[in-house]
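Chemist: Here it is, the structure, as structure tokens.
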Amino acid sequence: WDMFVLAFVERFFRPTFRKDDFVLGKKLGEGAFGVVYRVSNKLANKEGDLVLKKATEYGAVEIWMNERVRRACSNSCADFVHGFLETSSKKGNEYWLIWRFEGDATLADLMLSKDFPYNVETKILGEVQDLPKGLERENKIIQTIMRQLLFALDGLHSTGIVHRDIKPQNIIFSEGSRTFKIIDLGAAADLRVGINYIPKEFLLDPRYAAPEQYIMSTQTPSAPSAPVAAALSPVLWQMNLPDRFDIYSVGLIFLQMAFPSLRTDSGLIQFNRQLKRCGYDLVAWRKSLGPRTSLDLRKGFELLDLDGGIGWELLTSMVRYHARQRTSAKASLAHPYFDKEGLLVLSFTQ
Ligand code: ADP
Ligand code: MG
């Protein structure tokens with residue numbers, strides 16, 4: 001009932017839009033399931049800075065996920081404004097999704113800059129005093145980013161949503177809140193009500209996907225009917241720990257932030273090949289490098305080994321073969337890696 005009343009109230013008091021209200025701007029992205037544009041809204045000058053995704057039939061699920069996030073954990077994801085079905089005689093059915101424009105840079109953009117992670121420090125803190133650059137400072141920035149990512153992810157997981165496509169390209173820096181937020185719920189699954197329409201053959205991004213193909217074990221019936229799922233899914237969640245799929249991906253992002261040479265596609269793909277050969281065992285991978293470790297990798301290990309190696313400890317508890325051996329988002333946030341103060345701004349935003 002609560003949800004019903006809330007939905008009803010929102011229908012009347014939230015702005016609703018139609019196709020003709022928008023002026024299309026720059027194209028921001030194009031995937032298999034839709035095209036994304038920056039748009040402005042003709043009617044309200046102040047609210048003109050928006051993002052529009054024109055999606056295929058899977059857009060219906062993405063709207064559902066965004067509505068749920070808005071009610072349950074709105075700080076985790078980009079600010080969703082509205083979603084509706086647009087029927088045109090030419091293209092058939094299209095789902096239109098509208099968000100507030102959060103900012104220009106995804107974590108992928110920021111990570112590819114030579115200046116990373118200092119370019120993020122400036123974004124979070126504004127102009128920074130001329131502090132000495134060094135491992136300790138880089139570690140603090142990376143720690144702050146990790147905390148924000150895990151905080152956002154914990155929000156999603158506590159709501160019962162698994163994202164399944166966590167990667168730097170799907171993490172946007174919100175200029176308004178000066179924090180990272182998750183975007184692109186196009187592949188997400190809502191386990192509490194069993195909503196998951198993405199077909200089995202949907203290709204998970206192989207660069208960031210955990211070794212298990214699907215988030216549920218093969219014995220789990222796919223997309224059970226809603227009432228059954230509502231009763232069963234908390235149990236399924238316990239059994240299969242599908243949220244740990246996202247944790248693996250976040251672990252890979254942590255790794256990329258620590259090791260500059262793994263930030264490129266080719267670097268990451270090569271790493272994935274090596275890790276697979278080591279049975280997805282990071283400790284074995286580290287050993288396998290032996291003394292020929294490149295300077296750049298050595299720097300990453302040095303960073304993760306700071307403070308008795310708590311960074312390395314956290315990383316190795318996320319990137320593991322067995323989902324059930326991976327730590328959860330909530331448990332990660334309580335990890336000693338985060339005991340030391342990150343950037344000062346955190347005490348105000350979280
Ligand atoms: P897809 O990956 O399916 O094409 P995304 O939802 O990931 O669609 O969006 C594509 C790109 O559009 C993102 O990588 C990002 O650059 C940009 N983008 C998406 N949502 C926002 C937003 N709310 N604010 C700013 N940029 C966004
Ligand atoms: Mg995307």
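Here's how to read the names in the structure tokens: chain A, B, ... by the order shown, residue numbers from 1 in each chain, ligand numbers from 1 in the order shown.
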For ligand 1, return the neighbouring residues as a ChimeraX atom specification (distance at most 6 Å; only C-alpha atoms and all ligand atoms).

Modeler: /A:28-31,34-36,51,78,99-104,106,169-170,183-184

Chemist: Just want the 10 Å neighbourhood of A:Asp154, counted on only C-alpha atoms, with same-chain residues fewer than 5 positions away dropped. Output as a list in words.

Modeler: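 Answer for this query is Cys73, Ser76, Gln148, Leu149, Thr159, Gly160, Ile161, Val162, Asp243, Ile247, Ser328, Ala329, Lys330, Ala331, Ser332 and Leu333 of chain A.
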
Chemist: For each of A:Ala60, A:Arg38, A:Ala209, A:Pro168, take the minimum atom-to-atom distance to A:Met146, counting only C-alpha atoms, then give the residue where this is smallest.

Modeler: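 Distance minimum relative to A:Met146 lands on A:Pro168.
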
Chemist: Just checking: using only C-alpha atoms, which residue out of A:Val120, A:Leu275, A:Leu52, A:Leu252 ends up closest to A:Phe22?

Modeler: A:Leu52

Chemist: Which neighbours of A:Gly300 fall inside 6 Å, counting only C-alpha atoms, when residues of the same chain fewer than 2 positions from it are skipped, and could you give them as a ChimeraX atom specification?

Modeler: /A:258-259,297-298,302-303

Chemist: A:Ile171, A:Leu268, A:Leu204, A:Leu135: which is nearest ligand 2, counting only C-alpha atoms and all ligand atoms?

Modeler: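 Once distances to ligand 2 are computed over only C-alpha atoms and all ligand atoms, the minimum belongs to A:Ile171.
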
Chemist: Would you kindly return, as an mmCIF file with N, CA, C and O atoms, in the first residue's frame, each protein, DNA or RNA residue with an atom no farther than 6 Å from any atom of A:Phe173, considering only C-alpha atoms and excluding same-chain residues fewer than 2 positions away?

Modeler:
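And here's around.cif as it stands now:
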```cif
data_model
loop_
_atom_site.group_PDB
_atom_site.id
_atom_site.type_symbol
_atom_site.label_atom_id
_atom_site.label_comp_id
_atom_site.auth_asym_id
_atom_site.auth_seq_id
_atom_site.Cartn_x
_atom_site.Cartn_y
_atom_site.Cartn_z
ATOM 1 N N ALA A 105 32.260 13.988 -16.550
ATOM 2 C CA ALA A 105 33.298 12.960 -16.471
ATOM 3 C C ALA A 105 32.833 11.684 -15.793
ATOM 4 O O ALA A 105 32.259 11.705 -14.702
ATOM 5 N N THR A 106 33.087 10.555 -16.459
ATOM 6 C CA THR A 106 32.922 9.268 -15.799
ATOM 7 C C THR A 106 34.273 8.917 -15.166
ATOM 8 O O THR A 106 35.301 9.528 -15.482
ATOM 9 N N THR A 179 30.516 13.766 -5.531
ATOM 10 C CA THR A 179 30.762 12.348 -5.248
ATOM 11 C C THR A 179 30.519 11.538 -6.521
ATOM 12 O O THR A 179 29.899 12.014 -7.465
ATOM 13 N N PHE A 180 31.016 10.306 -6.490
ATOM 14 C CA PHE A 180 30.753 9.393 -7.597
ATOM 15 C C PHE A 180 29.407 8.706 -7.393
ATOM 16 O O PHE A 180 29.057 8.342 -6.278
#
```

Chemist: Identify, on the basis of only C-alpha atoms, every residue whose closest approach to A:Ser261 does not exceed 12 Å; exclude the query and any residue fewer than 3 positions from it along the same chain; express the result as a ChimeraX atom specification.

Modeler: /A:111-112,114,255-258,264-271,293-300

Chemist: Give the helix (DSSP H, G or I) residues of stretch 57-146 of chain A, as DSSP finds them on the backbone, and put them as a PyMOL selection string.

Modeler: chain A and resi 59-72+107-111+118-125+135-146

Chemist: Just write the chosen residues, N, CA, C and O atoms, as a short mmCIF file (atom, residue, chain, number, x, y, z; two decimals), in the first residue's frame.

Modeler:
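After the write, result_7.cif holds the following:
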```cif
data_model
loop_
_atom_site.label_atom_id
_atom_site.label_comp_id
_atom_site.auth_asym_id
_atom_site.auth_seq_id
_atom_site.Cartn_x
_atom_site.Cartn_y
_atom_site.Cartn_z
N GLY A 59 14.16 -1.08 -21.86
CA GLY A 59 14.00 0.18 -21.16
C GLY A 59 12.96 0.11 -20.06
O GLY A 59 13.05 0.80 -19.05
N ALA A 60 11.97 -0.76 -20.22
CA ALA A 60 10.91 -0.90 -19.20
C ALA A 60 11.53 -1.33 -17.87
O ALA A 60 11.17 -0.81 -16.82
N VAL A 61 12.45 -2.27 -17.92
CA VAL A 61 13.10 -2.74 -16.70
C VAL A 61 13.98 -1.64 -16.11
O VAL A 61 14.02 -1.42 -14.91
N GLU A 62 14.66 -0.92 -16.99
CA GLU A 62 15.54 0.14 -16.51
C GLU A 62 14.73 1.24 -15.81
O GLU A 62 15.18 1.81 -14.82
N ILE A 63 13.54 1.53 -16.32
CA ILE A 63 12.67 2.51 -15.65
C ILE A 63 12.28 2.00 -14.27
O ILE A 63 12.38 2.70 -13.27
N TRP A 64 11.87 0.73 -14.21
CA TRP A 64 11.50 0.12 -12.93
C TRP A 64 12.64 0.25 -11.92
O TRP A 64 12.45 0.66 -10.77
N MET A 65 13.86 -0.09 -12.34
CA MET A 65 15.03 -0.05 -11.45
C MET A 65 15.28 1.38 -10.96
O MET A 65 15.55 1.60 -9.78
N ASN A 66 15.19 2.34 -11.88
CA ASN A 66 15.46 3.73 -11.51
C ASN A 66 14.41 4.28 -10.54
O ASN A 66 14.73 5.03 -9.64
N GLU A 67 13.15 3.88 -10.75
CA GLU A 67 12.08 4.32 -9.84
C GLU A 67 12.33 3.76 -8.44
O GLU A 67 12.15 4.44 -7.43
N ARG A 68 12.75 2.51 -8.39
CA ARG A 68 13.01 1.86 -7.11
C ARG A 68 14.19 2.51 -6.39
O ARG A 68 14.14 2.77 -5.20
N VAL A 69 15.24 2.78 -7.16
CA VAL A 69 16.43 3.43 -6.59
C VAL A 69 16.06 4.81 -6.05
O VAL A 69 16.48 5.20 -4.96
N ARG A 70 15.22 5.53 -6.81
CA ARG A 70 14.86 6.89 -6.38
C ARG A 70 14.18 6.86 -5.01
O ARG A 70 14.37 7.73 -4.18
N ARG A 71 13.37 5.82 -4.77
CA ARG A 71 12.66 5.74 -3.49
C ARG A 71 13.52 5.17 -2.39
O ARG A 71 13.40 5.55 -1.24
N ALA A 72 14.37 4.19 -2.73
CA ALA A 72 15.05 3.42 -1.68
C ALA A 72 16.48 3.88 -1.39
O ALA A 72 16.93 3.81 -0.25
N LEU A 107 34.26 7.92 -14.31
CA LEU A 107 35.51 7.48 -13.69
C LEU A 107 36.48 6.99 -14.77
O LEU A 107 37.69 7.13 -14.65
N ALA A 108 35.93 6.44 -15.86
CA ALA A 108 36.78 5.97 -16.96
C ALA A 108 37.55 7.15 -17.57
O ALA A 108 38.76 7.05 -17.80
N ASP A 109 36.85 8.25 -17.81
CA ASP A 109 37.52 9.45 -18.35
C ASP A 109 38.62 9.91 -17.40
O ASP A 109 39.74 10.19 -17.82
N LEU A 110 38.27 9.97 -16.13
CA LEU A 110 39.22 10.51 -15.14
C LEU A 110 40.43 9.60 -14.98
O LEU A 110 41.56 10.06 -14.82
N MET A 111 40.20 8.28 -15.05
CA MET A 111 41.28 7.33 -14.86
C MET A 111 42.27 7.32 -16.01
O MET A 111 43.42 6.94 -15.85
N TYR A 118 45.07 12.68 -9.00
CA TYR A 118 45.04 14.07 -8.52
C TYR A 118 43.91 14.87 -9.16
O TYR A 118 43.36 15.79 -8.55
N ASN A 119 43.54 14.52 -10.40
CA ASN A 119 42.42 15.21 -11.04
C ASN A 119 41.11 14.98 -10.28
O ASN A 119 40.21 15.81 -10.29
N VAL A 120 41.02 13.84 -9.59
CA VAL A 120 39.82 13.56 -8.79
C VAL A 120 39.86 14.35 -7.49
O VAL A 120 38.84 14.88 -7.03
N GLU A 121 41.05 14.47 -6.94
CA GLU A 121 41.20 15.25 -5.70
C GLU A 121 40.69 16.67 -5.90
O GLU A 121 39.94 17.20 -5.07
N THR A 122 41.06 17.27 -7.03
CA THR A 122 40.60 18.64 -7.31
C THR A 122 39.09 18.67 -7.46
O THR A 122 38.44 19.62 -7.03
N LYS A 123 38.52 17.64 -8.06
CA LYS A 123 37.06 17.61 -8.24
C LYS A 123 36.35 17.52 -6.90
O LYS A 123 35.31 18.15 -6.69
N ILE A 124 36.91 16.71 -6.01
CA ILE A 124 36.26 16.50 -4.73
C ILE A 124 36.45 17.69 -3.80
O ILE A 124 35.53 18.11 -3.10
N LEU A 125 37.65 18.27 -3.83
CA LEU A 125 37.97 19.32 -2.86
C LEU A 125 38.03 20.72 -3.45
O LEU A 125 38.20 21.68 -2.72
N LEU A 135 52.87 8.67 -2.77
CA LEU A 135 52.03 7.48 -2.59
C LEU A 135 50.95 7.66 -1.53
O LEU A 135 49.80 7.27 -1.74
N GLU A 136 51.32 8.25 -0.41
CA GLU A 136 50.37 8.42 0.69
C GLU A 136 49.16 9.22 0.23
O GLU A 136 48.02 8.89 0.55
N ARG A 137 49.46 10.27 -0.53
CA ARG A 137 48.37 11.14 -0.98
C ARG A 137 47.52 10.45 -2.03
O ARG A 137 46.29 10.50 -1.98
N GLU A 138 48.18 9.74 -2.95
CA GLU A 138 47.42 8.98 -3.95
C GLU A 138 46.53 7.95 -3.27
O GLU A 138 45.37 7.75 -3.65
N ASN A 139 47.07 7.30 -2.27
CA ASN A 139 46.32 6.28 -1.55
C ASN A 139 45.07 6.88 -0.90
O ASN A 139 44.00 6.28 -0.93
N LYS A 140 45.22 8.08 -0.36
CA LYS A 140 44.08 8.73 0.28
C LYS A 140 42.97 9.04 -0.71
O LYS A 140 41.78 8.90 -0.41
N ILE A 141 43.37 9.48 -1.91
CA ILE A 141 42.36 9.81 -2.92
C ILE A 141 41.65 8.54 -3.38
O ILE A 141 40.42 8.49 -3.46
N ILE A 142 42.45 7.50 -3.65
CA ILE A 142 41.88 6.23 -4.10
C ILE A 142 40.97 5.64 -3.03
O ILE A 142 39.88 5.13 -3.32
N GLN A 143 41.39 5.76 -1.79
CA GLN A 143 40.58 5.30 -0.66
C GLN A 143 39.24 6.02 -0.63
O GLN A 143 38.18 5.42 -0.42
N THR A 144 39.27 7.32 -0.89
CA THR A 144 38.04 8.12 -0.89
C THR A 144 37.10 7.67 -2.02
O THR A 144 35.90 7.54 -1.82
N ILE A 145 37.68 7.45 -3.20
CA ILE A 145 36.86 6.99 -4.33
C ILE A 145 36.26 5.63 -4.00
O ILE A 145 35.06 5.39 -4.21
N MET A 146 37.07 4.72 -3.47
CA MET A 146 36.59 3.38 -3.13
C MET A 146 35.45 3.45 -2.11
O MET A 146 34.45 2.74 -2.23
#
```

Chemist: Of the residues A:Leu131, A:Leu314, A:Ala188, A:Ile253, which is the one nearest to A:Leu156, using only C-alpha atoms?

Modeler: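 Ranked by minimum distance to A:Leu156, first place goes to A:Ala188.
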
Chemist: Find the residues near A:Tyr248: any atom within 10 Å, counting only C-alpha atoms, skip ones fewer than 6 places away on the same chain, and give them as a list in words.

Modeler: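 The residues satisfying every condition are Ile166, Tyr208, Ala209, Ala210, Pro211, Phe254, Leu315, Thr316, Ser317, Met318, Val319, Arg320, Tyr321, His322, Ala323, Arg326, Thr327 and Ser328 of chain A.
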
Chemist: Keeping all heavy atoms for every residue in the selection just given, could you write it to a file as a short mmCIF file (atom, residue, chain, number, x, y, z; two decimals), in the first residue's frame?

Modeler:
```cif
data_model
loop_
_atom_site.label_atom_id
_atom_site.label_comp_id
_atom_site.auth_asym_id
_atom_site.auth_seq_id
_atom_site.Cartn_x
_atom_site.Cartn_y
_atom_site.Cartn_z
N ILE A 166 29.02 -3.10 -13.35
CA ILE A 166 29.85 -2.11 -12.68
C ILE A 166 31.18 -2.00 -13.41
O ILE A 166 31.89 -2.98 -13.57
CB ILE A 166 30.08 -2.50 -11.19
CG1 ILE A 166 28.78 -2.45 -10.40
CG2 ILE A 166 31.15 -1.61 -10.54
CD1 ILE A 166 28.24 -1.07 -10.13
N TYR A 208 35.14 -6.79 -16.89
CA TYR A 208 34.89 -6.57 -15.46
C TYR A 208 34.06 -7.67 -14.81
O TYR A 208 33.80 -7.64 -13.62
CB TYR A 208 34.21 -5.21 -15.25
CG TYR A 208 35.11 -4.05 -15.61
CD1 TYR A 208 35.13 -3.51 -16.89
CD2 TYR A 208 36.01 -3.54 -14.67
CE1 TYR A 208 36.00 -2.48 -17.24
CE2 TYR A 208 36.86 -2.50 -15.00
CZ TYR A 208 36.86 -1.98 -16.28
OH TYR A 208 37.72 -0.96 -16.61
N ALA A 209 33.61 -8.65 -15.61
CA ALA A 209 32.72 -9.68 -15.08
C ALA A 209 33.47 -10.70 -14.23
O ALA A 209 34.57 -11.12 -14.56
CB ALA A 209 32.02 -10.39 -16.24
N ALA A 210 32.84 -11.10 -13.12
CA ALA A 210 33.38 -12.16 -12.28
C ALA A 210 33.35 -13.47 -13.05
O ALA A 210 32.58 -13.61 -14.00
CB ALA A 210 32.56 -12.26 -11.00
N PRO A 211 34.16 -14.44 -12.63
CA PRO A 211 34.22 -15.69 -13.40
C PRO A 211 32.90 -16.44 -13.51
O PRO A 211 32.68 -17.15 -14.50
CB PRO A 211 35.28 -16.52 -12.67
CG PRO A 211 35.56 -15.82 -11.39
CD PRO A 211 35.17 -14.39 -11.58
N PHE A 254 39.41 -1.07 -8.26
CA PHE A 254 40.42 -0.77 -7.22
C PHE A 254 41.82 -1.09 -7.77
O PHE A 254 42.75 -0.28 -7.70
CB PHE A 254 40.10 -1.63 -5.99
CG PHE A 254 40.91 -1.30 -4.75
CD1 PHE A 254 41.61 -0.11 -4.61
CD2 PHE A 254 40.95 -2.22 -3.70
CE1 PHE A 254 42.33 0.17 -3.45
CE2 PHE A 254 41.66 -1.95 -2.53
CZ PHE A 254 42.37 -0.76 -2.42
N LEU A 315 41.78 -5.66 -1.31
CA LEU A 315 41.69 -6.06 -2.72
C LEU A 315 41.54 -7.57 -2.86
O LEU A 315 40.68 -8.06 -3.60
CB LEU A 315 42.93 -5.57 -3.48
CG LEU A 315 43.00 -5.98 -4.96
CD1 LEU A 315 41.89 -5.30 -5.76
CD2 LEU A 315 44.36 -5.64 -5.55
N THR A 316 42.37 -8.31 -2.12
CA THR A 316 42.32 -9.77 -2.25
C THR A 316 41.06 -10.36 -1.62
O THR A 316 40.72 -11.51 -1.88
CB THR A 316 43.56 -10.45 -1.61
OG1 THR A 316 43.72 -9.96 -0.29
CG2 THR A 316 44.80 -10.18 -2.43
N SER A 317 40.34 -9.58 -0.81
CA SER A 317 39.08 -10.12 -0.29
C SER A 317 37.91 -9.80 -1.23
O SER A 317 36.80 -10.26 -1.02
CB SER A 317 38.81 -9.61 1.13
OG SER A 317 38.61 -8.22 1.11
N MET A 318 38.18 -9.01 -2.27
CA MET A 318 37.14 -8.71 -3.26
C MET A 318 37.30 -9.54 -4.53
O MET A 318 36.32 -10.05 -5.08
CB MET A 318 37.19 -7.23 -3.64
CG MET A 318 36.95 -6.30 -2.49
SD MET A 318 37.15 -4.60 -3.05
CE MET A 318 35.58 -3.99 -2.56
N VAL A 319 38.52 -9.64 -4.98
CA VAL A 319 38.77 -10.36 -6.24
C VAL A 319 39.14 -11.81 -5.91
O VAL A 319 40.31 -12.12 -5.64
CB VAL A 319 39.89 -9.67 -7.06
CG1 VAL A 319 40.15 -10.42 -8.35
CG2 VAL A 319 39.49 -8.23 -7.35
N ARG A 320 38.15 -12.65 -5.84
CA ARG A 320 38.32 -14.07 -5.55
C ARG A 320 37.45 -14.89 -6.46
O ARG A 320 36.40 -14.43 -6.90
CB ARG A 320 37.88 -14.38 -4.12
CG ARG A 320 38.89 -13.96 -3.12
CD ARG A 320 38.30 -14.00 -1.75
NE ARG A 320 39.34 -13.55 -0.83
CZ ARG A 320 39.86 -14.32 0.11
NH1 ARG A 320 39.43 -15.54 0.26
NH2 ARG A 320 40.80 -13.86 0.88
N TYR A 321 37.86 -16.13 -6.69
CA TYR A 321 37.11 -16.99 -7.60
C TYR A 321 35.71 -17.29 -7.07
O TYR A 321 34.72 -17.11 -7.77
CB TYR A 321 37.87 -18.29 -7.85
CG TYR A 321 37.16 -19.20 -8.81
CD1 TYR A 321 37.19 -18.96 -10.18
CD2 TYR A 321 36.40 -20.27 -8.34
CE1 TYR A 321 36.51 -19.78 -11.06
CE2 TYR A 321 35.71 -21.10 -9.21
CZ TYR A 321 35.77 -20.84 -10.58
OH TYR A 321 35.09 -21.64 -11.45
N HIS A 322 35.62 -17.73 -5.82
CA HIS A 322 34.33 -18.12 -5.27
C HIS A 322 33.57 -16.91 -4.72
O HIS A 322 34.08 -16.21 -3.84
CB HIS A 322 34.50 -19.15 -4.16
CG HIS A 322 34.99 -20.48 -4.66
ND1 HIS A 322 34.20 -21.29 -5.45
CD2 HIS A 322 36.17 -21.09 -4.52
CE1 HIS A 322 34.89 -22.38 -5.77
NE2 HIS A 322 36.09 -22.29 -5.22
N ALA A 323 32.36 -16.72 -5.21
CA ALA A 323 31.55 -15.58 -4.78
C ALA A 323 31.41 -15.55 -3.26
O ALA A 323 31.50 -14.50 -2.64
CB ALA A 323 30.18 -15.62 -5.45
N ARG A 326 34.06 -13.83 -1.30
CA ARG A 326 34.25 -12.38 -1.46
C ARG A 326 33.53 -11.63 -0.35
O ARG A 326 32.46 -12.05 0.08
CB ARG A 326 33.71 -11.91 -2.81
CG ARG A 326 34.53 -12.39 -3.99
CD ARG A 326 33.87 -12.01 -5.32
NE ARG A 326 34.11 -13.06 -6.30
CZ ARG A 326 33.27 -13.46 -7.23
NH1 ARG A 326 32.09 -12.86 -7.35
NH2 ARG A 326 33.60 -14.42 -8.06
N THR A 327 34.10 -10.51 0.05
CA THR A 327 33.46 -9.69 1.07
C THR A 327 32.25 -8.96 0.47
O THR A 327 32.14 -8.81 -0.75
CB THR A 327 34.49 -8.69 1.63
OG1 THR A 327 33.87 -7.85 2.57
CG2 THR A 327 35.08 -7.83 0.53
N SER A 328 31.32 -8.51 1.31
CA SER A 328 30.16 -7.74 0.82
C SER A 328 30.52 -6.25 0.79
O SER A 328 31.53 -5.84 1.34
CB SER A 328 28.97 -7.96 1.74
OG SER A 328 29.22 -7.36 2.99
#
```

Chemist: Going by DSSP on the backbone, which bits of stretch 125-328 of chain A are strand (DSSP E)? Write them as a VMD selection string, please.

Modeler: chain A and resid 161 to 162 171 to 174 179 to 182 189 to 190

Chemist: Could those residues be written to a file, using N, CA, C and O atoms, as a PDB file, in the first residue's frame?

Modeler:
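Output file result-v8.pdb is given in full below:
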```pdb
ATOM      1  N   ILE A 161      19.035  -4.864  -5.213  1.00  0.00           N
ATOM      2  CA  ILE A 161      19.391  -4.733  -6.628  1.00  0.00           C
ATOM      3  C   ILE A 161      20.864  -5.093  -6.853  1.00  0.00           C
ATOM      4  O   ILE A 161      21.740  -4.628  -6.130  1.00  0.00           O
ATOM      5  N   VAL A 162      21.087  -5.945  -7.825  1.00  0.00           N
ATOM      6  CA  VAL A 162      22.448  -6.239  -8.276  1.00  0.00           C
ATOM      7  C   VAL A 162      22.636  -5.533  -9.612  1.00  0.00           C
ATOM      8  O   VAL A 162      21.782  -5.643 -10.494  1.00  0.00           O
ATOM      9  N   ILE A 171      30.233   4.839 -13.973  1.00  0.00           N
ATOM     10  CA  ILE A 171      30.333   5.601 -12.729  1.00  0.00           C
ATOM     11  C   ILE A 171      30.567   7.052 -13.100  1.00  0.00           C
ATOM     12  O   ILE A 171      31.534   7.380 -13.777  1.00  0.00           O
ATOM     13  N   ILE A 172      29.636   7.915 -12.704  1.00  0.00           N
ATOM     14  CA  ILE A 172      29.706   9.320 -13.115  1.00  0.00           C
ATOM     15  C   ILE A 172      30.089  10.181 -11.910  1.00  0.00           C
ATOM     16  O   ILE A 172      29.674   9.887 -10.791  1.00  0.00           O
ATOM     17  N   PHE A 173      30.904  11.196 -12.168  1.00  0.00           N
ATOM     18  CA  PHE A 173      31.195  12.129 -11.077  1.00  0.00           C
ATOM     19  C   PHE A 173      30.122  13.200 -11.052  1.00  0.00           C
ATOM     20  O   PHE A 173      29.928  13.928 -12.018  1.00  0.00           O
ATOM     21  N   SER A 174      29.400  13.272  -9.949  1.00  0.00           N
ATOM     22  CA  SER A 174      28.339  14.253  -9.810  1.00  0.00           C
ATOM     23  C   SER A 174      28.926  15.569  -9.305  1.00  0.00           C
ATOM     24  O   SER A 174      29.393  15.646  -8.168  1.00  0.00           O
ATOM     25  N   THR A 179      30.516  13.766  -5.531  1.00  0.00           N
ATOM     26  CA  THR A 179      30.762  12.348  -5.248  1.00  0.00           C
ATOM     27  C   THR A 179      30.519  11.538  -6.521  1.00  0.00           C
ATOM     28  O   THR A 179      29.899  12.014  -7.465  1.00  0.00           O
ATOM     29  N   PHE A 180      31.016  10.306  -6.490  1.00  0.00           N
ATOM     30  CA  PHE A 180      30.753   9.393  -7.597  1.00  0.00           C
ATOM     31  C   PHE A 180      29.407   8.706  -7.393  1.00  0.00           C
ATOM     32  O   PHE A 180      29.057   8.342  -6.278  1.00  0.00           O
ATOM     33  N   LYS A 181      28.670   8.576  -8.502  1.00  0.00           N
ATOM     34  CA  LYS A 181      27.392   7.876  -8.468  1.00  0.00           C
ATOM     35  C   LYS A 181      27.371   6.801  -9.554  1.00  0.00           C
ATOM     36  O   LYS A 181      28.060   6.928 -10.559  1.00  0.00           O
ATOM     37  N   ILE A 182      26.550   5.804  -9.343  1.00  0.00           N
ATOM     38  CA  ILE A 182      26.436   4.705 -10.296  1.00  0.00           C
ATOM     39  C   ILE A 182      25.381   5.062 -11.344  1.00  0.00           C
ATOM     40  O   ILE A 182      24.367   5.676 -11.025  1.00  0.00           O
ATOM     41  N   ALA A 189      19.404  -6.467 -11.880  1.00  0.00           N
ATOM     42  CA  ALA A 189      18.370  -7.433 -11.511  1.00  0.00           C
ATOM     43  C   ALA A 189      17.847  -7.070 -10.128  1.00  0.00           C
ATOM     44  O   ALA A 189      18.617  -6.736  -9.239  1.00  0.00           O
ATOM     45  N   ASP A 190      16.520  -7.114  -9.983  1.00  0.00           N
ATOM     46  CA  ASP A 190      15.907  -6.873  -8.688  1.00  0.00           C
ATOM     47  C   ASP A 190      15.496  -8.215  -8.109  1.00  0.00           C
ATOM     48  O   ASP A 190      14.545  -8.838  -8.566  1.00  0.00           O
TER      49      ASP A 190
END
```
